[in-house]
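Peer 1: My file is coords_17.txt. It has compact mmCIF, C-alpha atoms and all ligand atoms:
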# COMPACT_ATOMS: atom_id res chain seq x y z
CA MET C 1 -31.72 -65.48 37.64
CA CYS C 2 -33.78 -63.09 39.81
CA MET C 3 -32.91 -65.11 42.91
CA VAL C 4 -29.20 -64.91 42.13
CA LEU C 5 -29.44 -61.19 41.54
CA SER C 6 -31.39 -60.60 44.71
CA GLU C 7 -28.80 -62.50 46.75
CA SER C 8 -25.75 -60.95 45.13
CA PHE C 9 -26.73 -57.38 44.53
CA HIS C 10 -29.61 -56.39 46.74
CA ALA C 11 -27.75 -56.64 50.02
CA THR C 12 -27.87 -52.89 50.57
CA ASP C 13 -31.32 -51.42 50.89
CA TRP C 14 -30.89 -47.76 50.19
CA THR C 15 -33.75 -45.37 50.22
CA SER C 16 -32.14 -41.97 50.80
CA THR C 17 -33.58 -39.12 48.76
CA MET C 18 -31.11 -37.17 46.66
CA GLN C 19 -30.62 -33.58 47.76
CA LEU C 20 -29.43 -31.32 44.94
CA GLU C 21 -28.86 -28.30 47.16
CA GLY C 22 -25.19 -28.15 48.13
CA ILE C 23 -24.19 -31.06 45.89
CA THR C 24 -21.02 -31.21 43.76
CA ALA C 25 -21.65 -32.46 40.23
CA LEU C 26 -19.80 -33.21 37.01
CA VAL C 27 -21.58 -32.95 33.65
CA THR C 28 -19.81 -34.27 30.55
CA GLY C 29 -20.28 -32.46 27.24
CA ALA C 30 -21.47 -29.40 29.16
CA ASN C 31 -20.41 -26.67 26.74
CA ARG C 32 -23.57 -26.84 24.60
CA GLY C 33 -26.92 -28.54 24.11
CA ILE C 34 -28.48 -30.69 26.82
CA GLY C 35 -25.27 -30.86 28.88
CA LYS C 36 -25.01 -27.08 29.09
CA GLN C 37 -28.65 -26.99 30.25
CA PHE C 38 -28.03 -29.73 32.87
CA ALA C 39 -25.14 -27.71 34.31
CA ARG C 40 -27.19 -24.51 34.35
CA ALA C 41 -30.19 -26.24 35.98
CA LEU C 42 -28.00 -27.74 38.71
CA VAL C 43 -26.57 -24.31 39.54
CA GLU C 44 -30.11 -22.89 39.69
CA ALA C 45 -31.16 -25.81 41.92
CA GLY C 46 -28.55 -24.78 44.49
CA ALA C 47 -25.65 -27.12 43.71
CA ALA C 48 -22.51 -26.02 45.54
CA LYS C 49 -20.25 -26.73 42.58
CA VAL C 50 -20.87 -27.85 39.00
CA TYR C 51 -17.93 -29.00 36.93
CA ALA C 52 -18.68 -28.50 33.24
CA GLY C 53 -16.66 -31.05 31.28
CA ALA C 54 -15.70 -30.07 27.75
CA ARG C 55 -13.13 -31.13 25.19
CA ASP C 56 -12.27 -27.44 24.98
CA PRO C 57 -12.86 -25.80 28.38
CA ALA C 58 -12.72 -22.35 26.75
CA SER C 59 -16.03 -23.22 25.05
CA VAL C 60 -17.80 -23.23 28.45
CA THR C 61 -19.28 -19.76 28.76
CA ASP C 62 -21.88 -20.05 31.53
CA PRO C 63 -21.06 -18.21 34.74
CA GLY C 64 -21.45 -20.25 37.90
CA VAL C 65 -19.91 -23.45 36.56
CA VAL C 66 -16.29 -24.61 36.70
CA ALA C 67 -14.93 -25.52 33.26
CA VAL C 68 -12.78 -28.65 33.18
CA GLN C 69 -11.06 -30.45 30.31
CA LEU C 70 -12.62 -33.82 29.47
CA ASP C 71 -12.56 -35.94 26.34
CA VAL C 72 -14.51 -39.09 27.21
CA THR C 73 -12.73 -41.08 24.47
CA ASP C 74 -9.32 -40.38 26.00
CA ASP C 75 -8.31 -42.61 28.94
CA ALA C 76 -5.66 -40.13 30.11
CA SER C 77 -8.11 -37.22 30.08
CA VAL C 78 -10.71 -39.15 32.10
CA ARG C 79 -8.11 -40.44 34.59
CA ALA C 80 -6.55 -36.99 35.05
CA LEU C 81 -9.91 -35.42 35.78
CA ALA C 82 -10.86 -38.14 38.26
CA ALA C 83 -7.54 -37.56 40.05
CA GLU C 84 -8.35 -33.85 40.27
CA LEU C 85 -12.05 -33.97 41.28
CA GLY C 86 -12.24 -35.88 44.54
CA ASP C 87 -15.39 -34.06 45.68
CA VAL C 88 -17.88 -35.20 43.01
CA GLN C 89 -21.18 -36.68 44.24
CA LEU C 90 -23.18 -36.68 40.99
CA VAL C 91 -21.85 -37.62 37.55
CA ILE C 92 -23.96 -36.92 34.46
CA ASN C 93 -22.74 -38.85 31.43
CA ASN C 94 -24.16 -36.59 28.76
CA ALA C 95 -21.48 -36.35 26.05
CA GLY C 96 -22.74 -37.98 22.88
CA VAL C 97 -22.43 -38.00 19.11
CA GLY C 98 -24.31 -39.39 16.15
CA ALA C 99 -24.63 -38.91 12.42
CA PRO C 100 -27.23 -40.37 10.05
CA ALA C 101 -26.16 -43.43 8.08
CA LEU C 102 -27.86 -46.64 6.97
CA PRO C 103 -26.53 -49.86 8.55
CA LEU C 104 -25.14 -51.27 5.30
CA ASP C 105 -23.58 -47.96 4.29
CA ILE C 106 -22.06 -46.63 7.50
CA ASP C 107 -18.32 -46.17 7.51
CA LEU C 108 -16.96 -48.45 10.24
CA GLU C 109 -14.71 -45.70 11.57
CA GLN C 110 -17.79 -43.57 12.18
CA ALA C 111 -19.59 -46.52 13.78
CA ARG C 112 -16.66 -47.12 16.15
CA TRP C 113 -16.39 -43.41 16.99
CA GLU C 114 -20.05 -43.27 17.99
CA PHE C 115 -19.54 -46.30 20.24
CA ASP C 116 -16.35 -44.83 21.67
CA VAL C 117 -18.13 -41.66 22.78
CA ASN C 118 -21.63 -42.92 23.63
CA TYR C 119 -20.88 -46.35 25.11
CA TYR C 120 -17.20 -46.59 26.04
CA GLY C 121 -17.12 -42.94 27.08
CA THR C 122 -19.95 -43.60 29.53
CA LEU C 123 -18.18 -46.72 30.78
CA ARG C 124 -14.80 -44.97 31.12
CA VAL C 125 -16.26 -42.12 33.15
CA ALA C 126 -18.30 -44.51 35.34
CA GLN C 127 -15.22 -46.64 36.08
CA ALA C 128 -13.09 -43.61 36.93
CA PHE C 129 -15.66 -41.85 39.13
CA ALA C 130 -17.38 -44.76 40.90
CA PRO C 131 -14.69 -44.93 43.64
CA ILE C 132 -14.99 -41.17 44.16
CA LEU C 133 -18.77 -41.43 44.51
CA ALA C 134 -18.30 -44.26 47.01
CA ARG C 135 -15.90 -42.16 49.12
CA ASN C 136 -18.42 -39.29 49.06
CA GLY C 137 -21.32 -41.34 50.37
CA GLY C 138 -22.79 -42.94 47.24
CA GLY C 139 -24.35 -40.20 45.17
CA ALA C 140 -25.56 -40.91 41.65
CA VAL C 141 -24.55 -41.61 38.07
CA VAL C 142 -26.90 -40.35 35.35
CA ASN C 143 -26.60 -41.73 31.84
CA MET C 144 -28.14 -39.70 29.02
CA LEU C 145 -29.82 -42.31 26.84
CA SER C 146 -32.62 -41.96 24.29
CA ALA C 147 -35.97 -43.25 23.11
CA LEU C 148 -33.74 -44.77 20.42
CA SER C 149 -32.30 -47.11 23.07
CA TRP C 150 -35.51 -49.04 22.43
CA PHE C 151 -36.39 -48.21 18.83
CA ALA C 152 -34.30 -48.59 15.68
CA MET C 153 -34.55 -46.22 12.74
CA PRO C 154 -32.53 -47.27 9.69
CA GLN C 155 -30.90 -43.84 9.30
CA LEU C 156 -29.84 -43.75 12.94
CA SER C 157 -29.22 -47.44 13.47
CA ASN C 158 -25.67 -47.22 14.80
CA TYR C 159 -26.55 -44.36 17.14
CA SER C 160 -29.51 -46.46 18.38
CA ALA C 161 -27.18 -49.40 18.94
CA THR C 162 -24.85 -47.25 21.06
CA LYS C 163 -27.80 -46.13 23.18
CA SER C 164 -29.16 -49.69 23.51
CA ALA C 165 -25.72 -50.77 24.72
CA ALA C 166 -25.55 -47.84 27.11
CA TRP C 167 -29.02 -48.74 28.45
CA SER C 168 -27.82 -52.27 29.17
CA LEU C 169 -24.72 -50.84 30.84
CA THR C 170 -26.91 -48.52 32.90
CA ASN C 171 -28.92 -51.44 34.23
CA ALA C 172 -25.81 -53.48 35.04
CA LEU C 173 -24.11 -50.53 36.74
CA ARG C 174 -27.24 -49.99 38.83
CA LEU C 175 -26.93 -53.52 40.20
CA GLN C 176 -23.20 -53.30 40.89
CA LEU C 177 -23.17 -49.78 42.34
CA ARG C 178 -26.11 -50.43 44.64
CA GLU C 179 -23.57 -52.09 46.96
CA GLN C 180 -21.86 -48.74 47.49
CA GLY C 181 -25.11 -46.77 47.71
CA THR C 182 -24.78 -45.11 44.29
CA ARG C 183 -28.02 -44.58 42.38
CA VAL C 184 -27.82 -45.10 38.60
CA VAL C 185 -30.36 -43.26 36.48
CA GLY C 186 -31.14 -43.61 32.77
CA VAL C 187 -32.71 -40.66 30.93
CA HIS C 188 -34.75 -41.34 27.79
CA VAL C 189 -36.19 -38.78 25.40
CA GLY C 190 -37.19 -38.45 21.74
CA TYR C 191 -35.87 -35.50 19.75
CA VAL C 192 -34.53 -32.50 21.65
CA ASP C 193 -33.86 -29.19 19.93
CA THR C 194 -30.04 -29.10 19.82
CA ASP C 195 -27.23 -29.13 17.24
CA LEU C 196 -27.49 -32.93 17.18
CA THR C 197 -30.97 -32.86 15.64
CA ALA C 198 -30.51 -29.74 13.49
CA GLY C 199 -30.86 -31.73 10.27
CA LEU C 200 -33.73 -33.94 11.44
CA GLU C 201 -37.46 -33.36 10.88
CA GLY C 202 -39.94 -33.96 13.68
CA ASP C 203 -41.24 -32.61 16.97
CA LYS C 204 -38.46 -31.58 19.32
CA VAL C 205 -38.69 -30.75 23.01
CA HIS C 206 -36.75 -27.87 24.57
CA VAL C 207 -33.59 -28.70 26.53
CA SER C 208 -35.26 -27.43 29.71
CA ALA C 209 -37.85 -30.25 29.47
CA VAL C 210 -34.96 -32.71 29.82
CA SER C 211 -33.33 -30.95 32.78
CA ASP C 212 -36.68 -30.42 34.52
CA ALA C 213 -37.52 -34.14 34.19
CA LEU C 214 -34.06 -35.23 35.37
CA LEU C 215 -34.02 -33.00 38.44
CA ALA C 216 -37.54 -34.13 39.37
CA GLY C 217 -36.49 -37.76 38.81
CA LEU C 218 -33.40 -37.37 41.01
CA ARG C 219 -35.45 -35.79 43.79
CA ALA C 220 -38.02 -38.61 43.51
CA ASP C 221 -35.32 -41.32 43.45
CA GLU C 222 -36.38 -42.65 40.05
CA ASP C 223 -34.12 -45.12 38.23
CA GLU C 224 -35.50 -44.29 34.80
CA VAL C 225 -36.57 -40.84 33.63
CA LEU C 226 -38.94 -40.71 30.66
CA VAL C 227 -38.97 -37.11 29.49
CA ASP C 228 -41.63 -37.02 26.79
CA ASP C 229 -44.53 -38.89 25.16
CA THR C 230 -42.21 -40.42 22.58
CA SER C 231 -40.06 -42.12 25.19
CA ARG C 232 -43.12 -43.22 27.19
CA GLN C 233 -44.83 -44.67 24.10
CA VAL C 234 -41.75 -46.52 22.89
CA ARG C 235 -41.11 -47.90 26.39
CA ALA C 236 -44.71 -49.17 26.59
CA GLY C 237 -44.38 -50.64 23.08
CA LEU C 238 -41.63 -52.99 24.23
CA SER C 239 -44.16 -55.18 26.02
CA ALA C 240 -46.45 -55.34 22.95
CA PRO C 241 -45.94 -57.55 19.87
CA LEU C 242 -43.06 -56.37 17.66
CA SER C 243 -45.57 -55.08 15.10
CA ALA C 244 -46.65 -52.37 17.58
CA LEU C 245 -43.28 -50.65 17.16
CA TYR C 246 -42.52 -51.85 13.62
CA PRO C 247 -45.79 -52.09 11.66
CA ASP C 248 -45.56 -53.98 8.37
CA PRO C 249 -46.37 -51.40 5.64
CA ALA C 250 -47.53 -54.24 3.35
CA ALA C 251 -50.16 -55.24 5.89
CA ALA C 252 -51.59 -51.72 6.15
N1 LIG H 1 -30.78 -33.99 20.90
C1 LIG H 1 -31.54 -35.07 20.99
O1 LIG H 1 -32.57 -35.19 20.32
C2 LIG H 1 -31.19 -36.17 21.94
C3 LIG H 1 -32.16 -37.14 22.21
C4 LIG H 1 -31.85 -38.18 23.07
C5 LIG H 1 -30.60 -38.25 23.64
N2 LIG H 1 -29.67 -37.31 23.35
C6 LIG H 1 -28.36 -37.44 23.98
O2 LIG H 1 -28.14 -36.32 24.79
C7 LIG H 1 -26.74 -36.06 24.88
C8 LIG H 1 -26.46 -34.61 24.50
O3 LIG H 1 -26.92 -34.43 23.17
P1 LIG H 1 -27.14 -32.97 22.55
O4 LIG H 1 -28.38 -33.06 21.76
O5 LIG H 1 -26.98 -31.92 23.56
O6 LIG H 1 -25.93 -32.96 21.52
P2 LIG H 1 -24.99 -31.77 21.03
O7 LIG H 1 -25.71 -30.48 21.10
O8 LIG H 1 -24.45 -32.23 19.72
O9 LIG H 1 -23.83 -31.75 22.13
C9 LIG H 1 -23.01 -32.87 22.29
C10 LIG H 1 -22.05 -32.61 23.43
O10 LIG H 1 -21.23 -33.76 23.59
C11 LIG H 1 -19.86 -33.30 23.58
N3 LIG H 1 -18.92 -34.33 23.13
C12 LIG H 1 -18.87 -34.95 21.93
N4 LIG H 1 -17.83 -35.80 21.89
C13 LIG H 1 -17.20 -35.70 23.10
C14 LIG H 1 -16.07 -36.30 23.67
N5 LIG H 1 -15.33 -37.19 22.98
N6 LIG H 1 -15.72 -35.96 24.92
C15 LIG H 1 -16.44 -35.07 25.62
N7 LIG H 1 -17.51 -34.43 25.13
C16 LIG H 1 -17.88 -34.74 23.87
C17 LIG H 1 -19.88 -32.11 22.66
O11 LIG H 1 -18.70 -31.35 22.82
P3 LIG H 1 -18.03 -30.54 21.58
O12 LIG H 1 -18.68 -29.19 21.57
O13 LIG H 1 -16.57 -30.51 21.91
O14 LIG H 1 -18.31 -31.32 20.32
C18 LIG H 1 -21.14 -31.42 23.14
O15 LIG H 1 -20.90 -30.72 24.33
C19 LIG H 1 -26.07 -37.08 23.95
O16 LIG H 1 -25.66 -38.20 24.70
C20 LIG H 1 -27.19 -37.46 23.01
O17 LIG H 1 -27.00 -38.74 22.45
C21 LIG H 1 -29.93 -36.26 22.53
Spell out the structure here as structure tokens.
Ligand SMILES: NC(=O)c1ccc[n+]([C@@H]2O[C@H](COP(=O)([O-])OP(=O)(O)OC[C@H]3O[C@@H](n4cnc5c(N)ncnc54)[C@H](OP(=O)(O)O)[C@@H]3O)[C@@H](O)[C@H]2O)c1
Peer 2:
Amino acid sequence: MCMVLSESFHATDWTSTMQLEGITALVTGANRGIGKQFARALVEAGAAKVYAGARDPASVTDPGVVAVQLDVTDDASVRALAAELGDVQLVINNAGVGAPALPLDIDLEQARWEFDVNYYGTLRVAQAFAPILARNGGGAVVNMLSALSWFAMPQLSNYSATKSAAWSLTNALRLQLREQGTRVVGVHVGYVDTDLTAGLEGDKVHVSAVSDALLAGLRADEDEVLVDDTSRQVRAGLSAPLSALYPDPAAA
């Protein structure tokens, strides 16, 4: 398997360091939460232009960004934006949704909706913008994932599944897009203090911890950005026996 991959996908050796100064970027779901912070941080880092994608562009209030209409579940919306934004060099797939529900209880419409935004939305945007990134020299795609890509909690099982799928997609995209010199970065973090986690108990990092880690990761050409201890511990736990991540309460 590794030999096949190395022959098919590693033909281009690309080592260029990503410069954020002067770059043109698109952030999806940039009207609030982590996406809003990503857009703000890119402006502060000297990006020439930051397109802030939002279902309702009027909800984008930050000065210094360019509000654009984007619903990642809508093929026409994604295609129209790609036709309009030929100058993008960095795409941040941040838009995401999730609501607590146990696996046996979740309404299938809700389950499909979470996949449509978190997985298919990421895929749709990547497909539409990959040719633009290629024309602009390669650039990068960033996918906003989660520590829950690697760890299932019953109440968030469908959300976790969407992020596991998006992690797999991230790794496959990295292999395919290497040919055109596009870096693909996955960002993993535990709870962040946003609307998404408003009803959840637990330690939460500030949105700026996520943007700081991503910008540092982009500058250091990292493929995977682990923002906090939670994501680092869960990642390390994957190579341990299953009981390291899922201890048996009966055995305690
Ligand atoms: N918060 C956390 O603890 C945490 C941890 C790990 C990963 N993440 C991930 O980080 C990303 C941002 O999360 P957040 O905490 O900032 O969530 P949030 O505060 O709830 O914001 C979600 C954003 O996604 C947008 N969005 C939802 N559906 C969309 C669609 N169909 N098309 C375009 N945009 C859409 C929302 O726009 P509207 O205002 O129009 O709804 C909003 O801008 C998500 O991918 C999430 O899974 C979050």
Peer 1: For ligand LIG 1 (chain H), list the contacting residues at 6 Å or closer, counting only C-alpha atoms and all ligand atoms, as a PyMOL selection string.
Peer 2: chain C and resi 28-35+54-55+70-73+94-97+117+144-146+189-197
Peer 1: Find the residues around range 103-106 of chain C up to 10 Å (only C-alpha atoms counted), leave out those fewer than 4 positions away in its own chain, and share them as a VMD selection string.
Peer 2: chain C and resid 99 110 to 111 153 to 158
Peer 1: Convert the current residue selection to file output with C-alpha atoms, as a short mmCIF file (atom, residue, chain, number, x, y, z; two decimals), keeping the file's coordinate frame.
Peer 2:
data_model
loop_
_atom_site.label_atom_id
_atom_site.label_comp_id
_atom_site.auth_asym_id
_atom_site.auth_seq_id
_atom_site.Cartn_x
_atom_site.Cartn_y
_atom_site.Cartn_z
CA ALA C 99 -24.63 -38.91 12.42
CA GLN C 110 -17.79 -43.57 12.18
CA ALA C 111 -19.59 -46.52 13.78
CA MET C 153 -34.55 -46.22 12.74
CA PRO C 154 -32.53 -47.27 9.69
CA GLN C 155 -30.90 -43.84 9.30
CA LEU C 156 -29.84 -43.75 12.94
CA SER C 157 -29.22 -47.44 13.47
CA ASN C 158 -25.67 -47.22 14.80
#
Peer 1: Select, from C:Leu123, C:Asp107, C:Pro131, C:Val66, the residue with the minimum atom-to-atom distance to Ala83 in chain C, counting only C-alpha atoms.
Peer 2: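 Answer, going by the shortest atom-to-atom distance: C:Pro131.
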Peer 1: Taking into account all atoms listed in the file, which residue in the set C:Ala166, C:Ala76, C:Ala240, C:Leu133 is nearest to Tyr120 in chain C?
Peer 2: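 Result for the nearest residue to Tyr120 in chain C: C:Ala166.
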Peer 1: Please compute the CA of Glu84 in chain C-CA of Lys49 in chain C distance, one decimal, in Å.
Peer 2: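 Between CA of Glu84 in chain C and CA of Lys49 in chain C the gap works out to 14.1 Å.
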Peer 1: Can you sort out range 218-234 of chain C so it carries N, CA and C atoms, written as a PDB file, in the frame of the given file?
Peer 2:
ATOM      1  N   LEU C 218     -34.415 -37.197  39.964  1.00  0.00           N
ATOM      2  CA  LEU C 218     -33.400 -37.370  41.010  1.00  0.00           C
ATOM      3  C   LEU C 218     -34.016 -37.133  42.385  1.00  0.00           C
ATOM      4  N   ARG C 219     -34.834 -36.102  42.480  1.00  0.00           N
ATOM      5  CA  ARG C 219     -35.450 -35.790  43.790  1.00  0.00           C
ATOM      6  C   ARG C 219     -36.428 -36.887  44.208  1.00  0.00           C
ATOM      7  N   ALA C 220     -37.036 -37.553  43.205  1.00  0.00           N
ATOM      8  CA  ALA C 220     -38.020 -38.610  43.510  1.00  0.00           C
ATOM      9  C   ALA C 220     -37.376 -39.996  43.541  1.00  0.00           C
ATOM     10  N   ASP C 221     -36.045 -40.051  43.424  1.00  0.00           N
ATOM     11  CA  ASP C 221     -35.320 -41.320  43.450  1.00  0.00           C
ATOM     12  C   ASP C 221     -35.763 -42.291  42.372  1.00  0.00           C
ATOM     13  N   GLU C 222     -35.999 -41.778  41.165  1.00  0.00           N
ATOM     14  CA  GLU C 222     -36.380 -42.650  40.050  1.00  0.00           C
ATOM     15  C   GLU C 222     -35.125 -43.231  39.393  1.00  0.00           C
ATOM     16  N   ASP C 223     -35.232 -44.483  38.948  1.00  0.00           N
ATOM     17  CA  ASP C 223     -34.120 -45.120  38.230  1.00  0.00           C
ATOM     18  C   ASP C 223     -34.155 -44.796  36.738  1.00  0.00           C
ATOM     19  N   GLU C 224     -35.337 -44.526  36.243  1.00  0.00           N
ATOM     20  CA  GLU C 224     -35.500 -44.290  34.800  1.00  0.00           C
ATOM     21  C   GLU C 224     -36.358 -43.037  34.628  1.00  0.00           C
ATOM     22  N   VAL C 225     -35.840 -42.082  33.862  1.00  0.00           N
ATOM     23  CA  VAL C 225     -36.570 -40.840  33.630  1.00  0.00           C
ATOM     24  C   VAL C 225     -37.040 -40.819  32.174  1.00  0.00           C
ATOM     25  N   LEU C 226     -38.350 -40.771  31.999  1.00  0.00           N
ATOM     26  CA  LEU C 226     -38.940 -40.710  30.660  1.00  0.00           C
ATOM     27  C   LEU C 226     -39.429 -39.283  30.458  1.00  0.00           C
ATOM     28  N   VAL C 227     -38.756 -38.551  29.563  1.00  0.00           N
ATOM     29  CA  VAL C 227     -38.970 -37.110  29.490  1.00  0.00           C
ATOM     30  C   VAL C 227     -40.244 -36.743  28.748  1.00  0.00           C
ATOM     31  N   ASP C 228     -40.553 -37.473  27.680  1.00  0.00           N
ATOM     32  CA  ASP C 228     -41.630 -37.020  26.790  1.00  0.00           C
ATOM     33  C   ASP C 228     -42.541 -38.185  26.373  1.00  0.00           C
ATOM     34  N   ASP C 229     -43.592 -37.850  25.607  1.00  0.00           N
ATOM     35  CA  ASP C 229     -44.530 -38.890  25.160  1.00  0.00           C
ATOM     36  C   ASP C 229     -43.845 -39.923  24.280  1.00  0.00           C
ATOM     37  N   THR C 230     -42.900 -39.472  23.460  1.00  0.00           N
ATOM     38  CA  THR C 230     -42.210 -40.420  22.580  1.00  0.00           C
ATOM     39  C   THR C 230     -41.519 -41.504  23.391  1.00  0.00           C
ATOM     40  N   SER C 231     -40.772 -41.111  24.402  1.00  0.00           N
ATOM     41  CA  SER C 231     -40.060 -42.120  25.190  1.00  0.00           C
ATOM     42  C   SER C 231     -41.035 -43.004  25.962  1.00  0.00           C
ATOM     43  N   ARG C 232     -42.124 -42.414  26.448  1.00  0.00           N
ATOM     44  CA  ARG C 232     -43.120 -43.220  27.190  1.00  0.00           C
ATOM     45  C   ARG C 232     -43.804 -44.222  26.257  1.00  0.00           C
ATOM     46  N   GLN C 233     -44.141 -43.771  25.039  1.00  0.00           N
ATOM     47  CA  GLN C 233     -44.830 -44.670  24.100  1.00  0.00           C
ATOM     48  C   GLN C 233     -43.910 -45.811  23.645  1.00  0.00           C
ATOM     49  N   VAL C 234     -42.675 -45.481  23.346  1.00  0.00           N
ATOM     50  CA  VAL C 234     -41.750 -46.520  22.890  1.00  0.00           C
ATOM     51  C   VAL C 234     -41.492 -47.519  24.011  1.00  0.00           C
TER      52      VAL C 234
END
